[in-house]
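Novice: Below is the structure I would like to discuss, written out as structure tokens.
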Amino acid sequence: MNVLEQTEEALRRYQNMTSGERTERLKQAGIEVLALRDLRKREPGLRVRYDVEISCLQAIRIKRKDTSGMGGAQESLLEREAASTLYRRVERLAIKTLYTLGLDHGAVRMEASGNGGCAVISIDPRPWKGVTNLAVAYRESWKRHQELLDEERNHSPVPVLGMDPEFLLVQMPESKIVPASRFLERTGMAGCDSVTIGGRRIYPVAELRPAPSSEPRELLAHLMKAFAAASRSISDHSLIWQAGGMPQRGLPLGGHIHFSGVNMTGELLRSLDNYLALPLAFLQDPRGSGRRPRYGALGDFRLKSYGGFEYRTLPSFLVSPLVAKGVVALSGLIAGGYTQLRQRPLAEAAIHTAFYEGKRDVMQRYIPALLDDLKNVDGYARYERYASPFIRQLELGRTWDESRDIRKLWNIRAGS
């Protein structure tokens with residue numbers, strides 16, 4: 001299926017949703033929606049609106065409109081080249097809004113809200129209608145995207161994977177988080193990562209950044225080197241190491257996977273969501289489900305300077321070697337064969353709700369068919385060594401325990 005055919009199919013699915021269903025999906029994903037009746041009730045005043053046109057999950061134009069409430073208005077275009085935080089924030093929200101509704105292209109109107117974010121006002125699923133400069137920009141974008149996909153299909157590249165999973169250092173029995181910055185630098189194979197709390201940036205989270213590889217075994221060997229580097233630096237051996245979604249309340253953890261050598265597309269993201277994020281959510285310790293939707297939303301990605309992208313939906317998969325190996329194996333399998341993976345249970349309202357609310361019984365109904373698909377993808381044998389035990393765990397339905405000290409599971413000795 002080419003870009004135009006996928007666009008028309010997505011439009012049909014979108015049009016089959018009721019307005020209420022669309023709003024509910026957006027709210028489940030943590031997106032603020034401003035209803036028309038609320039707009040009418042408001043007092044006149046200064047408003048800042050953004051009209052964002054998205055094509056292939058990237059902004060092609062962002063227009064800002066400031067209105068004074070006295071009939072005056074001022075319009076300007078935001079420039080990507082300025083690399084402003086505002087541009088990135090507005091673009092990401094527009095992309096997330098469309099993606100949550102099954103669209104890779106469209107226009108989103110949003111308004112700055114009192115909480116420092118933006119609320120969605122309206123969506124145009126077909127802004128390229130008519131003969132306009134905007135319509136030309138969309139068609140040029142689709143043409144470039146199709147050329148990239150055709151080239152990829154002709155050469156069948158092997159995806160290169162990287163990762164930067166996180167863990168916490170915890171003092172027991174108090175369950176007190178000890179900042180990773182006490183032991184680890186901000187850069188390096190084993191470092192610390194920041195969070196902002198109350199406007200203050202701190203570095204409580206430990207993060208492993210193994211060298212990337214196209215070979216699962218080599219990537220996992222690099223991960224063990226990163227673990228060893230962390231162990232040598234973390235001198236307080238009484239602390240336990242915890243991973244997962246949210247092993248300690250209020251501090252969510254991520255397990256980001258980096259992809260290069262393949263094009264970032266909406267269909268690849270949806271395959272990762274349905275065939276990796278959904279099964280992982282089924283295995284997740286229920287205590288970690290509070291990570292969503294602020295973190296771990298479906299289809300969360302960032303384009304990277306090295307030409308690839310980072311998939312940010314997963315929790316920290318360092319909970320066990322079996323889970324980590326399974327994530328690496330399925331990531332590579334899906335990236336290389338996603339065109340063969342056509343099931344989209346997360347498009348259904350019930351399973352979308354189950355993912356965000358952690359309803360394992362609902363998710364479980366869809367797991368067997370997803371696993372059958374994965375085992376039938378061309379190239380499965382390349383990843384079977386690490387995928388098979390993970391698939392068996394999914395079939396058994398055993399959740400992980402986020403309270404455990406992961407060093408024991410990974411056989412990491414103090415100071416090794």
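For the structure tokens, the naming scheme is as follows: chains receive sequential letters (A, B, ...) according to their order of presentation, residues are indexed from 1 within each chain, and ligands are indexed from 1 in presentation order.
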Using only C-alpha atoms, which protein or nucleic acid residues come within 10 Å of Asp273 in chain A? Drop anything in the same chain fewer than 3 positions from it, and give the result as a ChimeraX atom specification.
Specialist: /A:267-270,276-280,297-300,311,313-314,344-346
Novice: DSSP on the backbone, alpha helix (DSSP H) only: what residues of range 48-102 of chain A does that give? Format it as a PDB file with N, CA, C and O atoms, in the first residue's frame.
Specialist:
```pdb
ATOM      1  N   THR A  85      12.166  25.790  21.498  1.00  0.00           N
ATOM      2  CA  THR A  85      11.411  24.861  22.326  1.00  0.00           C
ATOM      3  C   THR A  85       9.925  24.947  22.003  1.00  0.00           C
ATOM      4  O   THR A  85       9.221  23.931  21.969  1.00  0.00           O
ATOM      5  N   LEU A  86       9.441  26.167  21.746  1.00  0.00           N
ATOM      6  CA  LEU A  86       8.032  26.356  21.418  1.00  0.00           C
ATOM      7  C   LEU A  86       7.660  25.604  20.148  1.00  0.00           C
ATOM      8  O   LEU A  86       6.635  24.908  20.102  1.00  0.00           O
ATOM      9  N   TYR A  87       8.469  25.717  19.101  1.00  0.00           N
ATOM     10  CA  TYR A  87       8.185  25.029  17.844  1.00  0.00           C
ATOM     11  C   TYR A  87       8.070  23.519  18.082  1.00  0.00           C
ATOM     12  O   TYR A  87       7.117  22.870  17.645  1.00  0.00           O
ATOM     13  N   ARG A  88       9.061  22.969  18.791  1.00  0.00           N
ATOM     14  CA  ARG A  88       9.067  21.521  19.027  1.00  0.00           C
ATOM     15  C   ARG A  88       7.858  21.091  19.850  1.00  0.00           C
ATOM     16  O   ARG A  88       7.245  20.054  19.577  1.00  0.00           O
ATOM     17  N   ARG A  89       7.517  21.885  20.865  1.00  0.00           N
ATOM     18  CA  ARG A  89       6.402  21.517  21.739  1.00  0.00           C
ATOM     19  C   ARG A  89       5.078  21.526  20.985  1.00  0.00           C
ATOM     20  O   ARG A  89       4.264  20.605  21.115  1.00  0.00           O
ATOM     21  N   VAL A  90       4.857  22.562  20.177  1.00  0.00           N
ATOM     22  CA  VAL A  90       3.615  22.662  19.414  1.00  0.00           C
ATOM     23  C   VAL A  90       3.552  21.562  18.349  1.00  0.00           C
ATOM     24  O   VAL A  90       2.508  20.928  18.142  1.00  0.00           O
ATOM     25  N   GLU A  91       4.667  21.327  17.672  1.00  0.00           N
ATOM     26  CA  GLU A  91       4.706  20.279  16.648  1.00  0.00           C
ATOM     27  C   GLU A  91       4.399  18.915  17.255  1.00  0.00           C
ATOM     28  O   GLU A  91       3.596  18.145  16.715  1.00  0.00           O
ATOM     29  N   ARG A  92       5.019  18.595  18.382  1.00  0.00           N
ATOM     30  CA  ARG A  92       4.817  17.279  18.996  1.00  0.00           C
ATOM     31  C   ARG A  92       3.377  17.062  19.409  1.00  0.00           C
ATOM     32  O   ARG A  92       2.829  15.964  19.251  1.00  0.00           O
ATOM     33  N   LEU A  93       2.741  18.103  19.954  1.00  0.00           N
ATOM     34  CA  LEU A  93       1.346  17.945  20.362  1.00  0.00           C
ATOM     35  C   LEU A  93       0.448  17.732  19.158  1.00  0.00           C
ATOM     36  O   LEU A  93      -0.480  16.902  19.197  1.00  0.00           O
ATOM     37  N   ALA A  94       0.694  18.445  18.070  1.00  0.00           N
ATOM     38  CA  ALA A  94      -0.117  18.265  16.863  1.00  0.00           C
ATOM     39  C   ALA A  94       0.069  16.853  16.295  1.00  0.00           C
ATOM     40  O   ALA A  94      -0.914  16.196  15.898  1.00  0.00           O
ATOM     41  N   ILE A  95       1.299  16.386  16.262  1.00  0.00           N
ATOM     42  CA  ILE A  95       1.575  15.029  15.770  1.00  0.00           C
ATOM     43  C   ILE A  95       0.892  14.001  16.653  1.00  0.00           C
ATOM     44  O   ILE A  95       0.240  13.068  16.166  1.00  0.00           O
ATOM     45  N   LYS A  96       1.027  14.160  17.957  1.00  0.00           N
ATOM     46  CA  LYS A  96       0.406  13.215  18.897  1.00  0.00           C
ATOM     47  C   LYS A  96      -1.101  13.187  18.733  1.00  0.00           C
ATOM     48  O   LYS A  96      -1.736  12.123  18.786  1.00  0.00           O
ATOM     49  N   THR A  97      -1.695  14.357  18.525  1.00  0.00           N
ATOM     50  CA  THR A  97      -3.147  14.450  18.347  1.00  0.00           C
ATOM     51  C   THR A  97      -3.594  13.667  17.118  1.00  0.00           C
ATOM     52  O   THR A  97      -4.524  12.837  17.190  1.00  0.00           O
ATOM     53  N   LEU A  98      -2.959  13.918  15.983  1.00  0.00           N
ATOM     54  CA  LEU A  98      -3.334  13.220  14.760  1.00  0.00           C
ATOM     55  C   LEU A  98      -3.063  11.729  14.870  1.00  0.00           C
ATOM     56  O   LEU A  98      -3.907  10.898  14.493  1.00  0.00           O
ATOM     57  N   TYR A  99      -1.893  11.370  15.394  1.00  0.00           N
ATOM     58  CA  TYR A  99      -1.520   9.950  15.494  1.00  0.00           C
ATOM     59  C   TYR A  99      -2.509   9.192  16.374  1.00  0.00           C
ATOM     60  O   TYR A  99      -2.889   8.052  16.054  1.00  0.00           O
ATOM     61  N   THR A 100      -2.932   9.804  17.470  1.00  0.00           N
ATOM     62  CA  THR A 100      -3.877   9.157  18.373  1.00  0.00           C
ATOM     63  C   THR A 100      -5.183   8.835  17.672  1.00  0.00           C
ATOM     64  O   THR A 100      -5.880   7.882  18.023  1.00  0.00           O
TER      65      THR A 100
END
```
Novice: For Pro247 in chain A, which of A:Ile177, A:Val160, A:Cys118, A:Leu333 is the closest residue, counting only C-alpha atoms?
Specialist: A:Ile177
Novice: If you count only C-alpha atoms, which residues fall within 7 Å of range 223-229 of chain A, apart from same-chain ones fewer than 6 positions away, as a count of residues only?
Specialist: 6
Novice: Once DSSP has gone over the backbone, tell me which residues of range 9-257 of chain A are in strand (DSSP E), as a VMD selection string.
Specialist: chain A and resid 47 to 55 58 to 67 73 to 77 106 to 112 118 to 124 160 to 171 176 to 177 190 to 197 200 to 208 240 to 242 255 to 257
Novice: If you count only C-alpha atoms, which residues fall within 8 Å of Ile123 in chain A, apart from same-chain ones fewer than 2 positions away, as a list of chain:residue names?
Specialist: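 With the cut-off at 8 Å, the set is A:Gly106, A:Ala107, A:Val108, A:Arg109, A:Val120, A:Ile121, A:Pro125.
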Novice: If you keep N, CA, C and O atoms, can you produce a file of those selected residues as a PDB file, in the first residue's frame?
Specialist:
```pdb
ATOM      1  N   GLY A 106      -2.549  15.941   8.465  1.00  0.00           N
ATOM      2  CA  GLY A 106      -3.736  16.701   8.831  1.00  0.00           C
ATOM      3  C   GLY A 106      -3.339  18.032   9.434  1.00  0.00           C
ATOM      4  O   GLY A 106      -2.159  18.387   9.490  1.00  0.00           O
ATOM      5  N   ALA A 107      -4.337  18.771   9.875  1.00  0.00           N
ATOM      6  CA  ALA A 107      -4.105  20.079  10.492  1.00  0.00           C
ATOM      7  C   ALA A 107      -4.769  20.111  11.862  1.00  0.00           C
ATOM      8  O   ALA A 107      -5.878  19.598  12.031  1.00  0.00           O
ATOM      9  N   VAL A 108      -4.096  20.721  12.815  1.00  0.00           N
ATOM     10  CA  VAL A 108      -4.599  20.819  14.187  1.00  0.00           C
ATOM     11  C   VAL A 108      -4.581  22.285  14.594  1.00  0.00           C
ATOM     12  O   VAL A 108      -3.565  22.969  14.432  1.00  0.00           O
ATOM     13  N   ARG A 109      -5.708  22.749  15.103  1.00  0.00           N
ATOM     14  CA  ARG A 109      -5.756  24.086  15.705  1.00  0.00           C
ATOM     15  C   ARG A 109      -5.748  23.911  17.212  1.00  0.00           C
ATOM     16  O   ARG A 109      -6.519  23.123  17.769  1.00  0.00           O
ATOM     17  N   VAL A 120      -6.341  21.319  22.362  1.00  0.00           N
ATOM     18  CA  VAL A 120      -6.776  21.141  20.978  1.00  0.00           C
ATOM     19  C   VAL A 120      -8.177  21.696  20.814  1.00  0.00           C
ATOM     20  O   VAL A 120      -9.077  21.407  21.607  1.00  0.00           O
ATOM     21  N   ILE A 121      -8.362  22.513  19.779  1.00  0.00           N
ATOM     22  CA  ILE A 121      -9.661  23.116  19.485  1.00  0.00           C
ATOM     23  C   ILE A 121     -10.362  22.375  18.353  1.00  0.00           C
ATOM     24  O   ILE A 121     -11.542  22.061  18.430  1.00  0.00           O
ATOM     25  N   PRO A 125      -8.912  16.782   8.977  1.00  0.00           N
ATOM     26  CA  PRO A 125      -8.223  15.576   8.506  1.00  0.00           C
ATOM     27  C   PRO A 125      -7.813  15.626   7.043  1.00  0.00           C
ATOM     28  O   PRO A 125      -7.122  14.733   6.566  1.00  0.00           O
TER      29      PRO A 125
END
```
Novice: Given only C-alpha atoms as the basis, pick out the residue of A:Leu103, A:Leu239, A:Ile31, A:Ile62 nearest to Leu11 in chain A.
Specialist: A:Leu103
Novice: Any idea what's packed within 12 Å of Glu348 in chain A, counting only C-alpha atoms, ignoring anything in its chain fewer than 6 positions away? Could you give it as a PyMOL selection string?
Specialist: chain A and resi 13-14+16-17+21-22+25+100-102+274+354-355+362-363+366
Novice: For Trp241 in chain A, which residue out of A:Ala414, A:Val52, A:Val33, A:Val262 is the nearest one, using only C-alpha atoms?
Specialist: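 Smallest distance to Trp241 in chain A is found for A:Ala414.
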Novice: Under the rule that only C-alpha atoms are counted, which of A:His105, A:Arg80, A:His222, A:Lys143 is the nearest residue to Lys63 in chain A?
Specialist: A:Arg80
Novice: Using only C-alpha atoms, which protein or nucleic acid residues come within 10 Å of Ala329 in chain A? Drop anything in the same chain fewer than 5 positions from it, and give the result as JSON, numbers by chain.
Specialist: {"A": [161, 215, 216, 217, 323, 324, 334, 380, 382, 383, 384, 385, 386, 387, 388, 390]}
Novice: Store the residues picked out above in a file with N, CA and C atoms, as a JSON list (two decimals), in the first residue's frame.
Specialist:
```json
[["chain", "number", "residue", "atom", "x", "y", "z"],
["A", 161, "LEU", "N", 20.00, -1.01, 15.89],
["A", 161, "LEU", "CA", 19.29, -0.68, 17.13],
["A", 161, "LEU", "C", 20.25, -0.12, 18.18],
["A", 215, "GLU", "N", 23.21, -6.37, 15.21],
["A", 215, "GLU", "CA", 23.15, -7.75, 15.69],
["A", 215, "GLU", "C", 22.64, -7.79, 17.13],
["A", 216, "PRO", "N", 21.53, -8.49, 17.40],
["A", 216, "PRO", "CA", 20.99, -8.54, 18.76],
["A", 216, "PRO", "C", 22.00, -8.99, 19.80],
["A", 217, "ARG", "N", 22.76, -10.02, 19.48],
["A", 217, "ARG", "CA", 23.72, -10.53, 20.46],
["A", 217, "ARG", "C", 24.77, -9.48, 20.81],
["A", 323, "VAL", "N", 13.23, -10.24, 29.51],
["A", 323, "VAL", "CA", 12.42, -9.16, 28.94],
["A", 323, "VAL", "C", 13.29, -8.29, 28.03],
["A", 324, "ALA", "N", 14.49, -7.93, 28.47],
["A", 324, "ALA", "CA", 15.36, -7.08, 27.67],
["A", 324, "ALA", "C", 15.72, -7.75, 26.35],
["A", 334, "ILE", "N", 10.37, -6.35, 14.11],
["A", 334, "ILE", "CA", 9.29, -5.46, 13.67],
["A", 334, "ILE", "C", 9.83, -4.40, 12.70],
["A", 380, "TYR", "N", 12.20, -14.25, 11.07],
["A", 380, "TYR", "CA", 12.01, -14.55, 12.50],
["A", 380, "TYR", "C", 13.15, -15.40, 13.05],
["A", 382, "ARG", "N", 16.22, -15.26, 12.61],
["A", 382, "ARG", "CA", 17.36, -14.43, 13.02],
["A", 382, "ARG", "C", 17.24, -13.97, 14.47],
["A", 383, "TYR", "N", 16.00, -13.81, 14.95],
["A", 383, "TYR", "CA", 15.75, -13.27, 16.28],
["A", 383, "TYR", "C", 15.18, -14.30, 17.25],
["A", 384, "GLU", "N", 14.95, -15.53, 16.78],
["A", 384, "GLU", "CA", 14.21, -16.52, 17.57],
["A", 384, "GLU", "C", 14.88, -16.84, 18.90],
["A", 385, "ARG", "N", 16.19, -16.85, 18.93],
["A", 385, "ARG", "CA", 16.91, -17.22, 20.16],
["A", 385, "ARG", "C", 16.47, -16.36, 21.34],
["A", 386, "TYR", "N", 16.27, -15.07, 21.11],
["A", 386, "TYR", "CA", 15.88, -14.16, 22.18],
["A", 386, "TYR", "C", 14.38, -13.91, 22.20],
["A", 387, "ALA", "N", 13.72, -14.04, 21.07],
["A", 387, "ALA", "CA", 12.28, -13.79, 21.01],
["A", 387, "ALA", "C", 11.47, -14.92, 21.63],
["A", 388, "SER", "N", 11.90, -16.15, 21.42],
["A", 388, "SER", "CA", 11.10, -17.30, 21.83],
["A", 388, "SER", "C", 10.83, -17.35, 23.35],
["A", 390, "PHE", "N", 10.75, -14.89, 25.43],
["A", 390, "PHE", "CA", 9.88, -13.76, 25.74],
["A", 390, "PHE", "C", 8.45, -14.07, 25.32]]
```
